[in-house]
Structures are given as C-alpha cells and as structure tokens.
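Structure file data-v2.txt; described as compact mmCIF, C-alpha atoms and all ligand atoms.
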```txt
# COMPACT_ATOMS: atom_id res chain seq x y z
CA MET A 1 32.44 31.15 49.06
CA ASP A 2 29.27 33.12 49.55
CA THR A 3 28.95 35.22 46.43
CA THR A 4 26.26 37.62 47.58
CA GLY A 5 28.55 40.15 49.23
CA ARG A 6 31.18 39.71 46.55
CA LEU A 7 28.90 40.91 43.78
CA ASP A 8 27.97 44.18 45.55
CA ASN A 9 29.38 47.09 43.58
CA LEU A 10 31.78 44.73 41.81
CA GLN A 11 31.69 46.84 38.63
CA SER A 12 32.56 50.08 40.44
CA LYS A 13 35.21 48.34 42.53
CA ILE A 14 36.85 47.02 39.36
CA GLU A 15 36.51 50.42 37.69
CA GLU A 16 38.17 52.08 40.68
CA SER A 17 41.01 49.59 41.13
CA TYR A 18 41.79 48.49 37.58
CA GLY A 19 39.80 50.81 35.25
CA GLY A 20 42.84 52.83 34.19
CA LYS A 21 44.90 49.72 33.53
CA ILE A 22 42.16 48.02 31.50
CA SER A 23 41.54 51.09 29.36
CA ALA A 24 45.28 51.68 28.77
CA LEU A 25 45.70 48.07 27.66
CA ARG A 26 42.68 48.32 25.36
CA ARG A 27 44.05 51.46 23.69
CA ASP A 28 47.51 49.98 23.37
CA ILE A 29 46.09 46.88 21.65
CA HIS A 30 43.76 49.02 19.54
CA ARG A 31 46.64 51.13 18.19
CA GLU A 32 48.53 48.08 17.00
CA PRO A 33 46.06 45.51 15.61
CA GLU A 34 47.31 42.10 14.47
CA LEU A 35 45.60 39.52 12.26
CA GLY A 36 44.96 35.79 12.55
CA PHE A 37 47.52 33.75 14.44
CA ASP A 38 50.01 36.62 14.19
CA THR A 39 49.12 38.14 17.59
CA LYS A 40 52.61 38.15 19.08
CA LYS A 41 52.71 41.82 20.10
CA THR A 42 49.18 41.67 21.50
CA ALA A 43 50.16 38.63 23.57
CA GLU A 44 53.23 40.50 24.85
CA LYS A 45 51.01 43.39 25.96
CA VAL A 46 48.73 40.94 27.77
CA LEU A 47 51.71 39.33 29.53
CA VAL A 48 52.91 42.74 30.73
CA ALA A 49 49.40 43.54 32.01
CA LEU A 50 49.33 40.23 33.95
CA GLU A 51 52.76 40.72 35.50
CA GLY A 52 52.94 40.16 39.25
CA LEU A 53 49.70 38.17 39.44
CA PRO A 54 49.78 34.68 41.01
CA LEU A 55 49.15 32.92 37.70
CA GLU A 56 50.72 29.90 36.01
CA ILE A 57 51.29 31.17 32.50
CA GLU A 58 51.68 29.14 29.33
CA VAL A 59 52.64 31.02 26.17
CA GLY A 60 52.80 29.92 22.53
CA VAL A 61 49.51 28.05 22.72
CA ALA A 62 48.00 27.92 19.19
CA GLU A 63 51.10 29.87 18.09
CA ASN A 64 50.54 33.17 19.90
CA GLY A 65 47.84 32.39 22.44
CA ILE A 66 48.16 32.47 26.23
CA VAL A 67 46.65 30.27 28.91
CA ALA A 68 46.94 31.65 32.46
CA THR A 69 45.78 29.51 35.38
CA LEU A 70 44.76 30.78 38.80
CA ARG A 71 44.58 28.19 41.56
CA GLY A 72 42.23 29.21 44.35
CA GLY A 73 42.83 28.60 48.05
CA ASN A 74 40.28 25.76 48.17
CA ASP A 75 39.18 22.88 45.98
CA GLY A 76 36.39 23.43 43.50
CA PRO A 77 35.46 23.43 39.84
CA ALA A 78 37.63 24.57 36.95
CA VAL A 79 36.12 27.50 35.05
CA GLY A 80 37.42 28.74 31.70
CA LEU A 81 37.11 32.33 30.50
CA ARG A 82 38.07 32.99 26.91
CA ALA A 83 38.85 36.20 25.00
CA ASP A 84 39.93 36.59 21.37
CA MET A 85 42.87 38.84 20.44
CA ASP A 86 42.87 39.24 16.65
CA ALA A 87 41.77 42.18 14.48
CA LEU A 88 40.38 42.56 10.94
CA PRO A 89 41.77 43.69 7.56
CA ILE A 90 39.81 46.98 7.60
CA THR A 91 41.04 50.58 7.47
CA GLU A 92 39.79 52.39 10.55
CA GLU A 93 37.59 55.49 10.18
CA THR A 94 36.67 56.23 13.80
CA GLY A 95 38.89 59.28 14.24
CA LEU A 96 39.67 58.09 17.79
CA PRO A 97 42.86 59.49 19.34
CA PHE A 98 44.09 55.91 19.78
CA ALA A 99 42.97 54.73 16.31
CA SER A 100 44.89 52.01 14.51
CA GLU A 101 48.40 52.99 13.47
CA VAL A 102 48.66 50.02 11.14
CA GLU A 103 47.37 50.67 7.63
CA GLY A 104 44.59 48.30 6.63
CA LYS A 105 44.18 46.66 10.04
CA MET A 106 41.62 47.49 12.71
CA HIS A 107 40.02 46.11 15.84
CA ALA A 108 36.54 46.33 14.30
CA CYS A 109 35.06 43.37 16.21
CA GLY A 110 35.88 44.55 19.73
CA HIS A 111 38.46 41.85 20.46
CA ASP A 112 40.70 44.54 21.98
CA GLY A 113 37.86 45.07 24.48
CA HIS A 114 37.38 41.34 25.12
CA THR A 115 41.08 40.86 25.84
CA SER A 116 41.21 43.84 28.20
CA MET A 117 38.05 42.78 30.05
CA LEU A 118 39.58 39.35 30.62
CA VAL A 119 42.76 40.94 32.01
CA GLY A 120 40.52 43.01 34.33
CA ALA A 121 38.78 39.83 35.52
CA ALA A 122 42.19 38.18 36.11
CA HIS A 123 43.20 41.07 38.39
CA ALA A 124 39.90 41.00 40.28
CA LEU A 125 39.92 37.21 40.77
CA CYS A 126 43.61 37.09 41.75
CA GLY A 127 42.71 39.64 44.45
CA MET A 128 40.22 37.11 45.87
CA ARG A 129 42.49 34.11 45.48
CA ASP A 130 42.51 32.91 49.09
CA GLU A 131 38.74 32.58 49.27
CA LEU A 132 38.40 31.17 45.77
CA ASN A 133 37.24 27.56 45.33
CA GLY A 134 38.80 25.75 42.40
CA THR A 135 40.71 27.08 39.44
CA VAL A 136 40.21 29.66 36.74
CA ARG A 137 41.75 29.31 33.29
CA PHE A 138 42.13 32.63 31.46
CA ILE A 139 42.36 31.88 27.74
CA PHE A 140 43.66 34.48 25.28
CA GLN A 141 43.01 33.16 21.78
CA PRO A 142 44.36 34.23 18.37
CA ALA A 143 42.67 33.78 14.98
CA GLU A 144 38.96 34.03 15.72
CA GLU A 145 38.26 35.95 12.48
CA GLY A 146 38.98 32.97 10.24
CA GLY A 147 41.74 30.50 10.88
CA GLY A 148 39.97 28.72 13.72
CA GLY A 149 42.31 29.59 16.59
CA GLY A 150 39.68 28.15 18.92
CA ARG A 151 39.87 24.78 17.15
CA VAL A 152 43.67 24.75 17.43
CA MET A 153 43.51 25.63 21.14
CA VAL A 154 41.03 22.82 21.77
CA GLU A 155 43.29 20.41 19.80
CA GLU A 156 46.18 21.51 22.01
CA GLY A 157 44.18 20.53 25.10
CA VAL A 158 43.13 23.97 26.37
CA ALA A 159 39.54 22.80 27.08
CA GLU A 160 40.60 19.65 28.96
CA GLY A 161 39.53 19.37 32.58
CA LEU A 162 37.25 22.40 32.50
CA ASP A 163 33.84 22.10 34.17
CA SER A 164 32.40 25.17 32.46
CA ILE A 165 33.51 27.95 30.11
CA PHE A 166 32.28 31.43 29.20
CA ALA A 167 33.13 34.12 26.65
CA LEU A 168 31.77 37.62 26.11
CA HIS A 169 31.27 39.52 22.86
CA LEU A 170 30.59 43.25 22.66
CA TRP A 171 27.34 43.69 20.75
CA PRO A 172 26.10 46.78 18.86
CA GLY A 173 22.32 46.95 18.49
CA LEU A 174 21.70 45.97 22.12
CA PRO A 175 21.14 48.70 24.74
CA PHE A 176 24.39 49.73 26.44
CA GLY A 177 25.35 47.33 29.22
CA THR A 178 22.69 44.73 28.43
CA VAL A 179 23.74 41.14 29.00
CA ALA A 180 22.09 38.79 26.52
CA THR A 181 22.28 35.09 25.85
CA LYS A 182 20.09 32.03 25.33
CA ALA A 183 20.09 28.26 25.72
CA GLY A 184 20.99 26.23 22.63
CA PRO A 185 22.28 27.72 19.37
CA ILE A 186 23.33 31.37 19.66
CA MET A 187 25.50 31.62 16.51
CA ALA A 188 25.30 29.68 13.26
CA ALA A 189 27.59 27.24 11.48
CA ALA A 190 29.49 29.16 8.79
CA ASP A 191 30.65 27.30 5.69
CA ALA A 192 32.17 28.62 2.48
CA PHE A 193 32.01 27.66 -1.17
CA GLU A 194 33.62 28.55 -4.46
CA MET A 195 32.15 27.59 -7.79
CA GLU A 196 34.03 27.68 -11.03
CA ILE A 197 31.85 28.09 -14.12
CA GLU A 198 33.30 26.79 -17.33
CA GLY A 199 32.05 27.89 -20.72
CA THR A 200 33.68 28.49 -24.09
CA GLY A 201 35.22 31.88 -24.81
CA GLY A 202 34.71 33.88 -27.99
CA HIS A 203 33.92 37.17 -29.72
CA GLY A 204 31.33 39.39 -28.06
CA ALA A 205 29.54 39.70 -31.37
CA MET A 206 29.25 35.93 -31.98
CA PRO A 207 27.68 34.46 -28.83
CA HIS A 208 26.30 31.43 -30.71
CA LEU A 209 29.89 30.20 -31.16
CA SER A 210 30.57 30.35 -27.37
CA ALA A 211 29.11 29.20 -24.07
CA ASP A 212 29.02 32.48 -22.18
CA ALA A 213 30.39 31.98 -18.66
CA VAL A 214 29.08 35.41 -17.57
CA VAL A 215 25.48 34.58 -18.48
CA ILE A 216 25.81 31.11 -16.94
CA ALA A 217 27.18 32.64 -13.73
CA ALA A 218 24.31 35.14 -13.61
CA HIS A 219 21.79 32.29 -13.87
CA VAL A 220 23.63 30.25 -11.27
CA VAL A 221 23.58 33.17 -8.79
CA THR A 222 19.86 33.48 -9.39
CA VAL A 223 19.11 29.77 -9.06
CA LEU A 224 21.14 29.59 -5.83
CA GLN A 225 18.59 31.98 -4.29
CA THR A 226 16.13 29.08 -4.49
CA VAL A 227 18.24 26.86 -2.22
CA VAL A 228 16.89 28.56 0.90
CA SER A 229 13.50 29.60 -0.51
CA ARG A 230 12.56 26.27 -2.20
CA GLU A 231 14.78 23.53 -0.75
CA VAL A 232 14.84 24.28 2.98
CA ASP A 233 11.95 23.81 5.41
CA PRO A 234 10.53 27.34 5.86
CA VAL A 235 10.73 27.11 9.67
CA GLU A 236 14.42 26.17 9.55
CA PRO A 237 16.84 29.13 9.55
CA ALA A 238 19.38 29.16 6.69
CA VAL A 239 21.28 31.77 4.69
CA LEU A 240 23.07 31.50 1.37
CA THR A 241 24.94 34.60 0.20
CA VAL A 242 27.00 34.88 -2.97
CA GLY A 243 29.51 37.56 -1.98
CA GLU A 244 31.97 37.26 -4.86
CA ILE A 245 31.60 37.08 -8.60
CA GLY A 246 34.36 37.48 -11.13
CA ALA A 247 34.85 37.04 -14.88
CA GLY A 248 36.12 38.67 -18.01
CA THR A 249 38.92 40.90 -19.24
CA ALA A 250 37.31 43.21 -21.84
CA PHE A 251 33.88 44.51 -22.87
CA ASN A 252 33.84 42.68 -26.19
CA ILE A 253 35.20 39.28 -25.20
CA ILE A 254 33.04 36.43 -23.96
CA PRO A 255 35.10 34.84 -21.17
CA GLU A 256 35.41 31.10 -20.90
CA LYS A 257 35.41 31.08 -17.09
CA ALA A 258 33.63 32.76 -14.20
CA ARG A 259 34.03 32.30 -10.48
CA LEU A 260 31.56 32.64 -7.62
CA GLY A 261 32.26 32.70 -3.88
CA GLY A 262 29.71 32.48 -1.12
CA THR A 263 28.84 31.58 2.45
CA VAL A 264 26.19 29.26 3.87
CA ARG A 265 24.84 29.61 7.42
CA THR A 266 22.76 26.97 9.17
CA LEU A 267 21.77 25.85 12.67
CA ASN A 268 20.86 22.25 11.88
CA GLU A 269 23.66 19.75 11.27
CA ASP A 270 21.70 17.52 8.83
CA LEU A 271 20.68 20.53 6.78
CA ARG A 272 24.28 21.79 6.89
CA ARG A 273 25.66 18.53 5.50
CA GLY A 274 23.04 18.50 2.72
CA MET A 275 23.83 21.98 1.42
CA PRO A 276 26.83 21.19 -0.83
CA GLY A 277 24.78 18.61 -2.76
CA ARG A 278 21.95 21.07 -3.45
CA ILE A 279 24.33 23.85 -4.49
CA GLU A 280 26.33 21.59 -6.77
CA GLY A 281 23.22 20.01 -8.30
CA LEU A 282 21.61 23.34 -9.14
CA GLY A 283 24.87 24.96 -10.34
CA GLN A 284 25.80 22.04 -12.58
CA GLY A 285 22.27 21.60 -13.86
CA VAL A 286 22.02 25.22 -14.98
CA ALA A 287 25.57 25.33 -16.37
CA ARG A 288 25.21 22.09 -18.35
CA GLY A 289 21.85 23.21 -19.69
CA MET A 290 23.66 26.23 -21.13
CA ARG A 291 26.48 24.15 -22.70
CA GLY A 292 28.94 24.82 -19.87
CA ASP A 293 29.83 23.14 -16.60
CA ALA A 294 30.37 23.99 -12.95
CA THR A 295 32.65 22.59 -10.25
CA LEU A 296 32.09 23.20 -6.56
CA ASP A 297 34.70 23.52 -3.83
CA TYR A 298 32.94 23.44 -0.43
CA ARG A 299 34.63 24.05 2.91
CA PHE A 300 32.94 23.28 6.24
CA SER A 301 34.16 25.81 8.76
CA TYR A 302 32.99 26.98 12.23
CA PRO A 303 30.26 24.77 13.73
CA VAL A 304 27.14 26.05 15.50
CA THR A 305 27.90 27.92 18.73
CA ARG A 306 25.64 25.99 21.08
CA ASN A 307 25.15 27.15 24.66
CA ASP A 308 24.54 24.70 27.46
CA ALA A 309 21.08 25.44 28.91
CA GLY A 310 22.33 25.43 32.52
CA ALA A 311 25.31 27.66 31.74
CA ALA A 312 23.15 30.13 29.81
CA ALA A 313 20.68 30.27 32.72
CA ARG A 314 23.58 30.80 35.12
CA ALA A 315 24.90 33.68 33.01
CA LEU A 316 21.49 35.38 33.02
CA GLU A 317 21.06 34.82 36.79
CA THR A 318 24.56 36.11 37.48
CA ALA A 319 23.95 39.25 35.42
CA THR A 320 20.65 39.85 37.20
CA ALA A 321 22.33 39.53 40.61
CA LEU A 322 25.27 41.68 39.53
CA PHE A 323 23.36 44.46 37.74
CA ASP A 324 19.55 44.45 37.61
CA GLU A 325 16.73 42.78 35.74
CA GLU A 326 16.49 45.55 33.14
CA SER A 327 20.09 44.85 32.09
CA VAL A 328 19.41 41.23 31.22
CA LEU A 329 17.85 39.81 28.07
CA GLU A 330 17.09 36.22 27.22
CA LEU A 331 17.51 36.26 23.45
CA PRO A 332 14.56 34.97 21.45
CA ASN A 333 16.73 34.06 18.44
CA PRO A 334 20.33 33.29 17.54
CA SER A 335 22.42 35.38 15.17
CA MET A 336 23.38 33.82 11.83
CA GLY A 337 26.89 35.17 12.38
CA ALA A 338 29.51 32.67 13.54
CA GLU A 339 32.10 32.39 16.27
CA ASP A 340 34.89 29.91 16.83
CA PHE A 341 34.19 29.77 20.58
CA ALA A 342 31.91 27.03 19.19
CA TYR A 343 34.87 24.60 19.33
CA PHE A 344 35.22 25.11 23.11
CA LEU A 345 31.47 24.61 23.58
CA GLU A 346 31.67 21.28 21.72
CA ARG A 347 33.90 20.04 24.58
CA VAL A 348 32.79 21.94 27.69
CA PRO A 349 29.32 23.08 28.81
CA GLY A 350 29.33 26.84 28.74
CA ALA A 351 27.81 29.96 27.28
CA PHE A 352 28.64 32.68 24.79
CA VAL A 353 27.25 35.96 26.11
CA TRP A 354 26.65 39.27 24.32
CA LEU A 355 27.29 42.57 26.06
CA GLY A 356 25.44 45.54 24.53
CA VAL A 357 27.38 48.63 23.47
CA GLY A 358 24.31 50.62 22.42
CA GLU A 359 21.59 50.58 19.79
CA ASP A 360 23.25 53.43 17.87
CA ALA A 361 26.74 51.90 17.82
CA SER A 362 28.15 51.16 14.36
CA GLY A 363 28.07 47.51 13.39
CA LEU A 364 30.78 44.94 14.02
CA HIS A 365 33.24 44.68 11.11
CA THR A 366 32.62 48.30 9.98
CA PRO A 367 35.38 50.96 9.80
CA GLN A 368 33.35 53.09 12.25
CA PHE A 369 32.93 50.48 15.01
CA ALA A 370 33.66 52.02 18.42
CA PHE A 371 32.38 51.67 21.98
CA ASP A 372 32.27 53.59 25.23
CA GLU A 373 35.03 52.24 27.49
CA LYS A 374 32.66 52.22 30.48
CA ILE A 375 31.69 48.81 29.13
CA LEU A 376 35.13 47.37 30.00
CA ALA A 377 34.76 47.34 33.80
CA ARG A 378 31.22 46.02 33.34
CA GLY A 379 32.51 43.13 31.23
CA SER A 380 35.31 42.40 33.71
CA ALA A 381 32.75 42.38 36.53
CA LEU A 382 30.52 39.97 34.64
CA LEU A 383 33.39 37.55 33.90
CA THR A 384 34.48 37.74 37.55
CA ALA A 385 30.95 37.13 38.78
CA LEU A 386 30.50 34.13 36.46
CA VAL A 387 33.49 32.49 38.15
CA LEU A 388 32.29 33.40 41.65
CA LYS A 389 28.85 31.94 40.90
CA ALA A 390 30.40 28.73 39.57
CA ASN A 391 32.63 28.59 42.64
CA SER A 392 29.86 29.13 45.09
CA PRO A 393 28.76 25.84 46.75
CA ALA A 394 25.21 27.19 46.67
CA GLY A 395 25.53 27.46 42.91
ZN ZN B 401 34.22 39.47 14.05
ZN ZN B 402 34.32 38.97 17.14
```
Take the structure from the file and write it as structure tokens.
Amino acid sequence: MDTTGRLDNLQSKIEESYGGKISALRRDIHREPELGFDTKKTAEKVLVALEGLPLEIEVGVAENGIVATLRGGNDGPAVGLRADMDALPITEETGLPFASEVEGKMHACGHDGHTSMLVGAAHALCGMRDELNGTVRFIFQPAEEGGGGGRVMVEEGVAEGLDSIFALHLWPGLPFGTVATKAGPIMAAADAFEMEIEGTGGHGAMPHLSADAVVIAAHVVTVLQTVVSREVDPVEPAVLTVGEIGAGTAFNIIPEKARLGGTVRTLNEDLRRGMPGRIEGLGQGVARGMRGDATLDYRFSYPVTRNDAGAAARALETATALFDEESVLELPNPSMGAEDFAYFLERVPGAFVWLGVGEDASGLHTPQFAFDEKILARGSALLTALVLKANSPAG
C-alpha cells in the first residue's frame, strides 16, 4: 500500500469518524479505574467498543488482557500495538465531570487515554482492511503499574511472530502533540530493595545499653547516598532513592528494629547487577560498626526499555510525515522512570514513543493529572500511521 495519501488528514479523519466514540470510552474507563491485573470491567468496555470490527479476539490473556488480531487483505508483516489499561491507587483531585467514582483509585498515568487511542486505531485500520498488507495485533495489557502484566503477556506468547511493536505514552512536560522518542534506552531498569536494621532496644535515657536502630538507619540512609556519588562512574546514569523509613513506637523507647525501602534505577545491566552488593556492603558495614546488623532483600523488576534504532527512526519519520517537523523530537536522554513495555521490546524490535500533553500539564502519578482530549485522535492517527508505514513495501 502506498501510505502517502493515507496519511493526509488522518488525524482529522479519525477525529471526525471516531472522535466521539474514543472520548466516550476514555471517560467511561476514567470514571471506573481498576488496579493491577484486576481490569475486568475495563476489558469489557474495550470489547464493547470493538464490537462489529473484523477482529479475531482473545480474552483472558494475562488474566484480564485482550489480544485482537486484524488480518489484512494481503500478505505482509505482523505489527503489534500495545496499550496499558490499569490505574493507580491515588485519590483524584482534577474536578473533572467524569472524575473517578472509585475512592482511592485514579487513572493518573493516562492509561485510559492509551487504551482509547488504541481502540481508535483499531477502528481506523479495520476501515482500511482490504488494502492492508499483513496483520495487526492490538494488545490491551493489565498491570503495567507494578505486577509486570507485560512480562506475563510475553510469557503467554503475545509477542510471538511479531515483526515490530509500538506503544505510546502520554507525556506531561512535552509541548502538546509532540511525538518524542530515541534509539536505545528510553526508560530505566527499576529495581526495589528493603533493608531491615537490627539493633538492641532499650530506654531512651540509657542509649549506652542499646544499639539504636533509628540512629543506625539514619546513617545507613546517608551512606547509601554515596552509592551513586562515589561508587558509580560519573558518566553512567543511576538513581538510588530511599522512599520509606520506619521505626519506633514511642518517644522514649529506643527501638530494636528499623526498616528502609528504596528503588534503584539504572541503564547498564552490569551496573544493575552490581548494585545489591554495594548496598548490602555499605548497609552492613555501617550497622555492624554501630553494634547492629542489616539484612537486604533485593528485587530485580522491570528491565531497561530499549528501543530498536530502526523502529525509533521509523516512528520519528512517520510522525514527521503525519504531522510536521515541529511536532517531532528526537530525545537527547532517556527518563529514569520505568515501563513494562520493556518485556515486549526484549523479544520484538520496536519503539516506545511519548506523546506530549503540554508543558504545563500536571505530572504523571499526581492527583491533578489531566489532559486535553484532542490528543486522543492524534494518538490514534499516530498508531495507525505506524502500521501503515510498516505495511508499506517502500518502508
Ligand atoms: Zn505510571
Ligand atoms: Zn504509565
């Protein structure tokens, strides 16, 4: 298929034909957010929105995920498009008329938008089925925000047979409508640790008879700041954040235990594998020096989200052809955030692409996160165009 004509006004065509449907679905999902793998109602809404389309639909993938396959009229490559469906344990403060009706749950990472944009792309591509070369696999994934739904989907074979794969993420801080990506790492590996500090409890007035777990923990938090500043090559990106600290029951009791929790972000696999040893060595060294001890529990989680260079270039070219040069940004640096689309990219060459929702938009994972719904048709158009470009014999 020649894609040139197909891309003309694709965004406005999608807006005109499916804009109302995409926005209604987004609001419906937004009102009723679901967490983790528990995305049953969201999946049901997606199935209703796909009704009548010429798709082969598989439900119950990774518990509540959906894989919908469109077979084009001609032979060609298999392209995967993936959206995530889960929300976050946050109480919404946007004041939107379609704000979350579920206490303590909110779509604060835009996954309601991603899901709706993918449904929009499914409608647009099904409308071009006869001229389409190859197949498109629309992947609706649960449990991106922890839980690794992407890993489970890959284990269940969802990535098998794909020639390329793409996913979009709405991105505050980028100008509205900007399409941004890069070759290589775009998101970091995200690992987690817990450290238990053991001391000896006692009376707050007699510290010499105890080993104060609070003071040990304070020193351990401080020494852990030297992991990145003193142990890692300065030109190698790394983050260590202690986000949790807990100890004690009363102002005048020295507790015998304290607990720390933290996250480590890296882009380099060797560095990543070396981090637990450094953290444990420093934590234990400090704790033992203060007559206590420390034990580390380290969990490797999402790997680096690594874009294929060709797929990233194709995404930028497609966005330039679809919109204009000003709307496209080749990112100079990755984010140290993480994304479980990484598991798909370990199997299939592809690209994770950010779609700007404005420099003034509230951050992802905040109770104020919101976006202008004009972005939805734009995202659907981009997903559609990525498939058309992949399908085009001219590349
Ligand atoms: Zn998120
Ligand atoms: Zn997200």
Could the residues of chain A that have an atom at most 10 Å from ligand ZN 401 (chain B) be listed as CSV, each with its closest atom pair and the distance in Å to one decimal, counting all atoms listed in the file and ordered by chain and ascending residue number?
```
residue,atom,partner,partner_atom,distance
A:Asp84,CA,B:ZN401,ZN,9.7
A:Asp86,CA,B:ZN401,ZN,9.0
A:Ala87,CA,B:ZN401,ZN,8.0
A:Leu88,CA,B:ZN401,ZN,7.6
A:His107,CA,B:ZN401,ZN,9.0
A:Ala108,CA,B:ZN401,ZN,7.2
A:Cys109,CA,B:ZN401,ZN,4.5
A:Gly110,CA,B:ZN401,ZN,7.8
A:His111,CA,B:ZN401,ZN,8.0
A:Glu144,CA,B:ZN401,ZN,7.4
A:Glu145,CA,B:ZN401,ZN,5.6
A:Gly146,CA,B:ZN401,ZN,8.9
A:His169,CA,B:ZN401,ZN,9.3
A:Gly337,CA,B:ZN401,ZN,8.7
A:Ala338,CA,B:ZN401,ZN,8.3
A:Glu339,CA,B:ZN401,ZN,7.7
A:Asp340,CA,B:ZN401,ZN,10.0
A:Leu364,CA,B:ZN401,ZN,6.5
A:His365,CA,B:ZN401,ZN,6.1
A:Thr366,CA,B:ZN401,ZN,9.9
```
Residue list as number ranges by chain for point (39.0, 49.4, 36.4), cut-off 10 Å, only C-alpha atoms: A: 11-23, 117, 120-121, 123-124, 374, 376-378, 380-381
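Residues in contact with Phe176 of chain A at 10 Å, where only C-alpha atoms are counted and same-chain residues fewer than 4 positions away are skipped, are listed as A:Leu170, A:Trp171, A:Pro172, A:Ser327, A:Leu355, A:Gly356, A:Val357, A:Gly358, A:Glu359, A:Asp360, A:Ala361, A:Phe371, A:Asp372, A:Lys374, A:Ile375.
Nearest to ligand ZN 402 (chain B) of all the residues A:Glu325, A:Asp112, A:Asp297, A:Glu198 is A:Asp112, based on all atoms listed in the file.
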Separation of atom CA of Leu10 of chain A from atom CA of Gly177 of chain A in Å: 14.4 Å
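Those residues that approach Leu125 of chain A to within 10 Å, counting all atoms listed in the file, are Leu53, Leu70, Gly72, Val119, Glu131, Leu132, Val136, Ser380, Ala381, Leu383, Thr384, Ala385, Val387 and Leu388 of chain A; same-chain residues fewer than 6 positions away are not listed.
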Using only C-alpha atoms, tabulate the residues of segment 290-361 of chain A lying at most 12 Å from any atom of segment 228-239 of chain A, each with its closest atom pair and that distance in Å to one decimal, by chain and increasing residue number, as a Markdown table.
```
| residue | atom | partner | partner_atom | distance |
| --- | --- | --- | --- | --- |
| A:Asn333 | CA | A:Pro237 | CA | 10.2 |
| A:Pro334 | CA | A:Pro237 | CA | 9.7 |
| A:Ser335 | CA | A:Pro237 | CA | 10.1 |
| A:Met336 | CA | A:Val239 | CA | 7.7 |
| A:Gly337 | CA | A:Val239 | CA | 10.1 |
```
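Comparing the minimum interatomic distances between ligand ZN 402 (chain B) and each of A:His114, A:Lys45, A:Arg27, A:Lys257, counting only C-alpha atoms and all ligand atoms, we find that A:His114 sits nearest.
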Using the partial input, fill out segment 97-104 of chain A with all heavy atoms; write the result as an mmCIF file, in the coordinates of the input.
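Full text of selection.cif as output:
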```cif
data_model
loop_
_atom_site.group_PDB
_atom_site.id
_atom_site.type_symbol
_atom_site.label_atom_id
_atom_site.label_comp_id
_atom_site.auth_asym_id
_atom_site.auth_seq_id
_atom_site.Cartn_x
_atom_site.Cartn_y
_atom_site.Cartn_z
ATOM 1 N N PRO A 97 41.460 59.106 19.124
ATOM 2 C CA PRO A 97 42.860 59.490 19.340
ATOM 3 C C PRO A 97 43.804 58.284 19.413
ATOM 4 O O PRO A 97 44.997 58.422 19.196
ATOM 5 C CB PRO A 97 42.826 60.227 20.688
ATOM 6 C CG PRO A 97 41.506 59.932 21.300
ATOM 7 C CD PRO A 97 40.567 59.568 20.194
ATOM 8 N N PHE A 98 43.254 57.117 19.716
ATOM 9 C CA PHE A 98 44.090 55.910 19.780
ATOM 10 C C PHE A 98 43.753 54.954 18.628
ATOM 11 O O PHE A 98 43.861 53.734 18.749
ATOM 12 C CB PHE A 98 43.905 55.206 21.136
ATOM 13 C CG PHE A 98 42.477 54.949 21.506
ATOM 14 C CD1 PHE A 98 41.844 53.783 21.118
ATOM 15 C CD2 PHE A 98 41.750 55.892 22.237
ATOM 16 C CE1 PHE A 98 40.522 53.542 21.440
ATOM 17 C CE2 PHE A 98 40.419 55.661 22.574
ATOM 18 C CZ PHE A 98 39.804 54.493 22.165
ATOM 19 N N ALA A 99 43.333 55.545 17.489
ATOM 20 C CA ALA A 99 42.970 54.730 16.310
ATOM 21 C C ALA A 99 44.160 53.912 15.829
ATOM 22 O O ALA A 99 45.317 54.219 16.156
ATOM 23 C CB ALA A 99 42.464 55.629 15.203
ATOM 24 N N SER A 100 43.861 52.904 15.033
ATOM 25 C CA SER A 100 44.890 52.010 14.510
ATOM 26 C C SER A 100 46.013 52.782 13.813
ATOM 27 O O SER A 100 45.757 53.683 13.025
ATOM 28 C CB SER A 100 44.260 51.044 13.509
ATOM 29 O OG SER A 100 45.262 50.328 12.832
ATOM 30 N N GLU A 101 47.239 52.401 14.132
ATOM 31 C CA GLU A 101 48.400 52.990 13.470
ATOM 32 C C GLU A 101 48.953 52.058 12.408
ATOM 33 O O GLU A 101 50.018 52.291 11.855
ATOM 34 C CB GLU A 101 49.470 53.332 14.528
ATOM 35 C CG GLU A 101 49.018 54.462 15.446
ATOM 36 C CD GLU A 101 49.895 54.657 16.682
ATOM 37 O OE1 GLU A 101 50.910 53.948 16.821
ATOM 38 O OE2 GLU A 101 49.535 55.517 17.507
ATOM 39 N N VAL A 102 48.231 50.986 12.148
ATOM 40 C CA VAL A 102 48.660 50.020 11.140
ATOM 41 C C VAL A 102 47.686 50.097 9.962
ATOM 42 O O VAL A 102 46.497 49.802 10.107
ATOM 43 C CB VAL A 102 48.686 48.583 11.713
ATOM 44 C CG1 VAL A 102 49.258 47.616 10.699
ATOM 45 C CG2 VAL A 102 49.469 48.539 13.014
ATOM 46 N N GLU A 103 48.186 50.518 8.834
ATOM 47 C CA GLU A 103 47.370 50.670 7.630
ATOM 48 C C GLU A 103 46.650 49.367 7.284
ATOM 49 O O GLU A 103 47.269 48.307 7.217
ATOM 50 C CB GLU A 103 48.305 51.099 6.476
ATOM 51 C CG GLU A 103 47.641 51.279 5.126
ATOM 52 C CD GLU A 103 46.702 52.489 5.075
ATOM 53 O OE1 GLU A 103 46.942 53.450 5.840
ATOM 54 O OE2 GLU A 103 45.743 52.450 4.288
ATOM 55 N N GLY A 104 45.343 49.465 7.084
ATOM 56 C CA GLY A 104 44.590 48.300 6.630
ATOM 57 C C GLY A 104 44.263 47.274 7.698
ATOM 58 O O GLY A 104 43.753 46.198 7.392
#
```
